[in-house]
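my_file.cif (mmCIF, C-alpha atoms)
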```cif
data_start
loop_
_atom_site.label_atom_id
_atom_site.label_comp_id
_atom_site.auth_asym_id
_atom_site.auth_seq_id
_atom_site.Cartn_x
_atom_site.Cartn_y
_atom_site.Cartn_z
CA MET A 1 43.31 -21.24 -7.23
CA ALA A 2 46.15 -21.60 -4.70
CA GLN A 3 49.37 -22.91 -6.16
CA ILE A 4 50.87 -26.17 -4.91
CA SER A 5 54.36 -25.35 -3.66
CA THR A 6 56.58 -28.25 -4.71
CA LEU A 7 60.11 -29.36 -3.91
CA VAL A 8 61.96 -31.81 -6.19
CA VAL A 9 64.66 -33.90 -4.49
CA ASP A 10 66.63 -36.28 -6.71
CA ARG A 11 70.27 -37.28 -6.83
CA GLN A 12 70.28 -36.89 -10.63
CA ARG A 13 70.47 -33.16 -11.32
CA THR A 14 69.37 -33.38 -14.95
CA PHE A 15 66.29 -35.41 -14.08
CA ALA A 16 65.36 -33.19 -11.14
CA GLU A 17 65.69 -30.00 -13.16
CA ALA A 18 63.70 -31.47 -16.06
CA VAL A 19 60.83 -32.51 -13.74
CA ALA A 20 60.90 -29.09 -12.09
CA ALA A 21 60.81 -27.29 -15.44
CA TRP A 22 57.84 -29.32 -16.67
CA LEU A 23 55.88 -28.91 -13.45
CA GLN A 24 56.60 -25.19 -13.35
CA MET A 25 54.68 -24.88 -16.62
CA GLU A 26 51.50 -25.93 -14.79
CA SER A 27 49.47 -22.92 -13.69
CA ASP A 28 48.71 -24.33 -10.23
CA VAL A 29 52.17 -25.67 -9.38
CA ASP A 30 54.98 -23.54 -8.00
CA VAL A 31 58.35 -25.31 -7.80
CA VAL A 32 60.08 -23.67 -4.83
CA GLY A 33 63.31 -25.63 -5.00
CA VAL A 34 65.41 -28.43 -6.48
CA ALA A 35 67.87 -30.45 -4.37
CA GLN A 36 70.25 -33.35 -4.96
CA SER A 37 70.98 -34.21 -1.32
CA VAL A 38 69.26 -34.48 2.04
CA PRO A 39 71.08 -31.46 3.56
CA SER A 40 70.03 -29.26 0.62
CA ALA A 41 66.44 -30.49 0.90
CA ARG A 42 66.39 -29.78 4.64
CA ARG A 43 67.54 -26.21 4.05
CA ILE A 44 64.75 -25.60 1.55
CA LEU A 45 62.16 -27.19 3.84
CA ALA A 46 63.31 -24.92 6.66
CA ALA A 47 63.08 -21.78 4.55
CA GLN A 48 60.05 -22.38 2.34
CA ARG A 49 56.45 -23.51 2.64
CA VAL A 50 56.34 -26.85 0.84
CA ASP A 51 53.03 -28.58 0.09
CA VAL A 52 54.44 -31.53 -1.87
CA MET A 53 57.93 -33.01 -1.92
CA LEU A 54 58.98 -35.31 -4.76
CA LEU A 55 61.67 -37.55 -3.25
CA ASP A 56 64.08 -39.91 -5.00
CA ALA A 57 63.41 -43.33 -3.44
CA ASP A 58 67.10 -44.23 -3.89
CA LEU A 59 68.55 -41.00 -2.52
CA PRO A 60 71.21 -41.66 0.16
CA GLY A 61 69.63 -40.67 3.47
CA GLY A 62 66.22 -40.32 1.86
CA ASP A 63 64.59 -42.58 4.44
CA ASP A 64 65.67 -40.23 7.20
CA LEU A 65 64.31 -37.25 5.28
CA LEU A 66 60.97 -39.00 4.80
CA ALA A 67 60.83 -39.82 8.50
CA CYS A 68 61.46 -36.23 9.57
CA VAL A 69 58.90 -34.42 7.42
CA ASP A 70 56.01 -35.45 9.66
CA THR A 71 57.42 -33.35 12.50
CA PRO A 72 58.41 -30.07 10.83
CA VAL A 73 58.59 -26.60 12.27
CA ARG A 74 55.69 -25.67 10.01
CA ASP A 75 52.32 -27.40 10.14
CA PRO A 76 50.99 -29.22 8.19
CA PRO A 77 53.93 -31.27 6.89
CA PRO A 78 54.42 -31.68 3.13
CA TYR A 79 52.95 -34.63 1.28
CA VAL A 80 55.76 -36.87 -0.02
CA ILE A 81 55.71 -38.63 -3.39
CA MET A 82 58.47 -41.17 -3.93
CA LEU A 83 60.10 -41.32 -7.38
CA SER A 84 61.80 -44.51 -8.53
CA SER A 85 62.73 -46.38 -11.68
CA SER A 86 61.12 -49.50 -10.20
CA ALA A 87 58.00 -50.41 -8.25
CA GLU A 88 58.06 -53.35 -5.87
CA ALA A 89 55.13 -53.82 -3.51
CA GLU A 90 57.36 -54.37 -0.47
CA ARG A 91 59.29 -51.12 -1.01
CA ILE A 92 56.14 -49.15 -1.73
CA LEU A 93 54.42 -50.46 1.40
CA THR A 94 57.46 -49.59 3.50
CA ALA A 95 57.47 -46.06 2.11
CA VAL A 96 53.74 -45.61 2.67
CA ARG A 97 54.11 -46.81 6.25
CA ALA A 98 56.87 -44.26 6.75
CA GLY A 99 54.54 -41.49 5.63
CA ALA A 100 54.75 -41.32 1.82
CA ALA A 101 51.53 -40.34 0.06
CA GLY A 102 52.46 -41.78 -3.32
CA TRP A 103 54.91 -43.74 -5.45
CA VAL A 104 55.53 -42.87 -9.10
CA ARG A 105 57.85 -44.56 -11.57
CA LYS A 106 60.31 -42.17 -13.16
CA GLY A 107 59.25 -43.41 -16.58
CA GLU A 108 55.68 -42.13 -16.15
CA SER A 109 54.49 -39.10 -18.08
CA ILE A 110 54.64 -35.64 -16.58
CA GLY A 111 50.85 -35.57 -16.92
CA HIS A 112 50.55 -38.57 -14.63
CA LEU A 113 52.95 -37.03 -12.13
CA ARG A 114 50.94 -33.82 -12.22
CA ARG A 115 47.74 -35.74 -11.40
CA VAL A 116 49.45 -37.46 -8.48
CA VAL A 117 50.73 -34.13 -7.14
CA SER A 118 47.20 -32.78 -7.22
CA GLY A 119 45.69 -35.97 -5.84
CA VAL A 120 47.82 -36.22 -2.72
CA THR A 121 46.88 -32.68 -1.72
CA ARG A 122 43.28 -33.92 -1.62
CA GLY A 123 44.23 -36.69 0.79
CA GLU A 124 44.62 -39.44 -1.80
CA THR A 125 47.28 -42.15 -1.76
CA TRP A 126 48.75 -43.02 -5.16
CA VAL A 127 50.57 -46.27 -5.94
CA PRO A 128 51.10 -48.18 -9.21
CA PRO A 129 47.89 -50.15 -9.89
CA SER A 130 49.94 -53.21 -10.90
CA GLU A 131 51.27 -53.45 -7.33
CA LEU A 132 47.99 -52.96 -5.44
CA GLY A 133 47.05 -56.63 -5.34
CA ARG A 134 50.40 -57.62 -3.90
CA MET A 135 50.31 -54.75 -1.39
CA PHE A 136 46.89 -55.70 -0.08
CA GLN A 137 47.98 -59.34 0.18
CA LEU A 138 50.97 -58.25 2.25
CA LEU A 139 48.70 -56.22 4.51
CA PHE A 140 46.19 -59.04 4.94
CA ASP A 141 48.98 -61.53 5.70
CA GLN A 142 50.38 -59.24 8.38
CA GLN A 143 46.96 -58.70 9.96
CA ASP A 144 46.01 -62.38 9.85
CA GLY A 145 45.88 -64.02 13.24
CA ASN A 146 45.72 -60.85 15.30
CA GLY A 147 42.89 -62.41 17.29
CA ALA A 148 40.69 -59.32 17.35
CA ASP A 149 37.05 -59.77 16.41
CA ASP A 150 36.69 -56.07 15.70
CA PRO A 151 40.01 -54.16 15.68
CA LEU A 152 38.04 -50.98 14.94
CA ALA A 153 36.14 -51.06 18.23
CA ILE A 154 38.58 -48.57 19.77
CA LEU A 155 37.56 -45.86 17.28
CA THR A 156 35.03 -43.13 17.97
CA ILE A 157 31.83 -42.99 15.91
CA ARG A 158 33.21 -40.06 13.90
CA GLU A 159 36.51 -41.83 13.25
CA ARG A 160 34.64 -44.88 12.02
CA GLU A 161 32.57 -42.66 9.71
CA VAL A 162 35.71 -41.09 8.29
CA LEU A 163 37.28 -44.52 7.78
CA ALA A 164 34.12 -45.80 6.09
CA HIS A 165 34.27 -42.97 3.56
CA MET A 166 37.99 -43.59 3.03
CA ALA A 167 37.18 -47.23 2.26
CA ASP A 168 34.61 -45.94 -0.23
CA GLY A 169 37.41 -44.20 -2.12
CA ALA A 170 36.79 -40.64 -0.94
CA GLY A 171 39.65 -38.21 -0.40
CA ARG A 172 39.97 -35.84 2.52
CA LYS A 173 38.17 -32.96 0.81
CA GLU A 174 35.28 -35.15 -0.31
CA ILE A 175 34.95 -36.68 3.16
CA ALA A 176 34.79 -33.17 4.62
CA GLU A 177 31.96 -32.29 2.25
CA ARG A 178 30.06 -35.50 2.98
CA LEU A 179 30.31 -35.11 6.74
CA HIS A 180 30.00 -31.30 6.76
CA LEU A 181 33.40 -30.89 8.41
CA SER A 182 36.47 -28.83 7.58
CA PRO A 183 39.32 -30.63 5.75
CA ASN A 184 41.60 -29.94 8.73
CA THR A 185 39.10 -31.60 11.09
CA VAL A 186 38.94 -34.63 8.80
CA ARG A 187 42.72 -34.79 8.74
CA SER A 188 42.79 -34.73 12.55
CA HIS A 189 40.30 -37.61 12.68
CA MET A 190 42.43 -39.53 10.15
CA GLN A 191 45.59 -39.03 12.19
CA SER A 192 43.88 -40.03 15.44
CA MET A 193 42.32 -43.08 13.81
CA MET A 194 45.60 -44.27 12.29
CA ARG A 195 47.41 -43.75 15.59
CA LYS A 196 44.84 -45.85 17.47
CA LEU A 197 44.98 -48.61 14.87
CA ASP A 198 48.79 -48.51 14.85
CA VAL A 199 48.91 -48.11 11.08
CA HIS A 200 51.05 -45.62 9.21
CA SER A 201 49.02 -44.84 6.11
CA ALA A 202 45.51 -44.45 4.79
CA LEU A 203 46.11 -47.53 2.64
CA GLU A 204 46.70 -49.72 5.69
CA ALA A 205 43.67 -48.28 7.44
CA VAL A 206 41.44 -49.03 4.45
CA ALA A 207 42.78 -52.58 4.21
CA LEU A 208 41.95 -53.07 7.89
CA ALA A 209 38.45 -51.64 7.36
CA ASP A 210 37.80 -53.98 4.42
CA SER A 211 38.83 -56.98 6.52
CA SER A 212 36.81 -55.98 9.58
CA PRO A 213 33.19 -57.04 10.25
CA GLY A 214 32.69 -53.84 12.21
CA ILE A 215 32.59 -51.37 9.34
CA LEU A 216 31.30 -51.16 5.80
CA PRO A 217 31.77 -48.31 3.32
CA PRO A 218 28.70 -46.21 2.43
CA GLY A 219 26.64 -47.98 -0.20
CA ARG A 220 27.68 -51.45 1.01
CA GLN A 221 25.85 -51.27 4.33
#
```
Now, as a test, write the supplied structure out as structure tokens.
Amino acid sequence: MAQISTLVVDRQRTFAEAVAAWLQMESDVDVVGVAQSVPSARRILAAQRVDVMLLDADLPGGDDLLACVDTPVRDPPPYVIMLSSSAEAERILTAVRAGAAGWVRKGESIGHLRRVVSGVTRGETWVPPSELGRMFQLLFDQQDGNGADDPLAILTIREREVLAHMADGAGRKEIAERLHLSPNTVRSHMQSMMRKLDVHSALEAVALADSSPGILPPGRQ
């Protein structure tokens, strides 16, 4: 099994080193670096292959670091999981729109964090369940009144199929298996679909699919 190369970026050295030490004990996780600042994190990203970056949501300059990881020298970019002592729907939604794949409270167990690390590499988006209702309400409110009968009409048939399976709860790997495609091809369809819909995360795309009359997840058609 390939190891998940992981970078921990947190302004609190003790916390960052503790998280790194616990994750390093997992057989399929390889912690390639620990950083307390954006410049240090950038140096590690430039020198190492990083699959997952754990990023302090309150790190000075962290927003800029999150924004830059989607256009790295190496492809594909790392998945980013935000770490914070709090969890407000507005902040989480902003982070997801900026490219974050997950949000984890710092008080959660290392086992939960480990599951999130694994999950995002399969194309999943992880947010605190207690905030999901508020997040979807925010998304629906923002989409209300857009005047489009079917905002998904601009998608290709394959992109609509991918989105339908996303709305059914499938991750990238599972979608690839269902549609007999490679995970990289599925990721390309996801990126194209989100660009056309002018959304910045899988969560937003799924919310749009659930509110659209033009698409239904498998099993609900």
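Taking atom CA of A:Pro128 and atom CA of A:Val206 as endpoints, the distance between them is 16.8 Å.
Residue nearest A:Gln12 within the list A:Leu45, A:Ser84, A:Met53, A:Asp30: A:Ser84 [criterion: smallest interatomic distance, all atoms listed in the file].
You will find atom CA of A:Leu203 at 7.0 Å from atom CA of A:Thr125.
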>> Starting from the PyMOL selection byres ((chain A and resi 155-169) around 12), expand the selection into actual residues of this file and give them as a PyMOL selection string.
In response: chain A and resi 122-126+150-154+170-181+183+185-198+201-212+214-221
> Quick one: residues within 7 Å of A:Ala35, all atoms listed in the file counted, chain neighbours fewer than 6 positions away excluded, as a ChimeraX atom specification?
Replying inline: /A:8-10,41
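In this structure, atom CA of A:Leu23 sits 20.6 Å away from atom CA of A:Pro77.
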> Taking the file as shown, what set of residues would the PyMOL selection byres ((chain A and resi 59) around 12) give back, as a PyMOL selection string?
Replying inline: chain A and resi 8-13+35-39+41+54-58+60-66+82-84
Save out the residues we just selected, C-alpha atoms, as an mmCIF file, keeping the file's coordinate frame.
```cif
data_model
loop_
_atom_site.group_PDB
_atom_site.id
_atom_site.type_symbol
_atom_site.label_atom_id
_atom_site.label_comp_id
_atom_site.auth_asym_id
_atom_site.auth_seq_id
_atom_site.Cartn_x
_atom_site.Cartn_y
_atom_site.Cartn_z
ATOM 1 C CA VAL A 8 61.960 -31.810 -6.190
ATOM 2 C CA VAL A 9 64.660 -33.900 -4.490
ATOM 3 C CA ASP A 10 66.630 -36.280 -6.710
ATOM 4 C CA ARG A 11 70.270 -37.280 -6.830
ATOM 5 C CA GLN A 12 70.280 -36.890 -10.630
ATOM 6 C CA ARG A 13 70.470 -33.160 -11.320
ATOM 7 C CA ALA A 35 67.870 -30.450 -4.370
ATOM 8 C CA GLN A 36 70.250 -33.350 -4.960
ATOM 9 C CA SER A 37 70.980 -34.210 -1.320
ATOM 10 C CA VAL A 38 69.260 -34.480 2.040
ATOM 11 C CA PRO A 39 71.080 -31.460 3.560
ATOM 12 C CA ALA A 41 66.440 -30.490 0.900
ATOM 13 C CA LEU A 54 58.980 -35.310 -4.760
ATOM 14 C CA LEU A 55 61.670 -37.550 -3.250
ATOM 15 C CA ASP A 56 64.080 -39.910 -5.000
ATOM 16 C CA ALA A 57 63.410 -43.330 -3.440
ATOM 17 C CA ASP A 58 67.100 -44.230 -3.890
ATOM 18 C CA PRO A 60 71.210 -41.660 0.160
ATOM 19 C CA GLY A 61 69.630 -40.670 3.470
ATOM 20 C CA GLY A 62 66.220 -40.320 1.860
ATOM 21 C CA ASP A 63 64.590 -42.580 4.440
ATOM 22 C CA ASP A 64 65.670 -40.230 7.200
ATOM 23 C CA LEU A 65 64.310 -37.250 5.280
ATOM 24 C CA LEU A 66 60.970 -39.000 4.800
ATOM 25 C CA MET A 82 58.470 -41.170 -3.930
ATOM 26 C CA LEU A 83 60.100 -41.320 -7.380
ATOM 27 C CA SER A 84 61.800 -44.510 -8.530
#
```
> Expanded to explicit residues, what is the PyMOL selection byres ((chain A and resi 134) around 12) for this file, as a ChimeraX atom specification?
Replying inline: /A:87-93,127-133,135-141
Those residues you just picked out, can you put them in a file as a PDB file, in the frame of the given file with C-alpha atoms?
```
ATOM      1  CA  ALA A  87      58.000 -50.410  -8.250  1.00  0.00           C
ATOM      2  CA  GLU A  88      58.060 -53.350  -5.870  1.00  0.00           C
ATOM      3  CA  ALA A  89      55.130 -53.820  -3.510  1.00  0.00           C
ATOM      4  CA  GLU A  90      57.360 -54.370  -0.470  1.00  0.00           C
ATOM      5  CA  ARG A  91      59.290 -51.120  -1.010  1.00  0.00           C
ATOM      6  CA  ILE A  92      56.140 -49.150  -1.730  1.00  0.00           C
ATOM      7  CA  LEU A  93      54.420 -50.460   1.400  1.00  0.00           C
ATOM      8  CA  VAL A 127      50.570 -46.270  -5.940  1.00  0.00           C
ATOM      9  CA  PRO A 128      51.100 -48.180  -9.210  1.00  0.00           C
ATOM     10  CA  PRO A 129      47.890 -50.150  -9.890  1.00  0.00           C
ATOM     11  CA  SER A 130      49.940 -53.210 -10.900  1.00  0.00           C
ATOM     12  CA  GLU A 131      51.270 -53.450  -7.330  1.00  0.00           C
ATOM     13  CA  LEU A 132      47.990 -52.960  -5.440  1.00  0.00           C
ATOM     14  CA  GLY A 133      47.050 -56.630  -5.340  1.00  0.00           C
ATOM     15  CA  MET A 135      50.310 -54.750  -1.390  1.00  0.00           C
ATOM     16  CA  PHE A 136      46.890 -55.700  -0.080  1.00  0.00           C
ATOM     17  CA  GLN A 137      47.980 -59.340   0.180  1.00  0.00           C
ATOM     18  CA  LEU A 138      50.970 -58.250   2.250  1.00  0.00           C
ATOM     19  CA  LEU A 139      48.700 -56.220   4.510  1.00  0.00           C
ATOM     20  CA  PHE A 140      46.190 -59.040   4.940  1.00  0.00           C
ATOM     21  CA  ASP A 141      48.980 -61.530   5.700  1.00  0.00           C
TER      22      ASP A 141
END
```
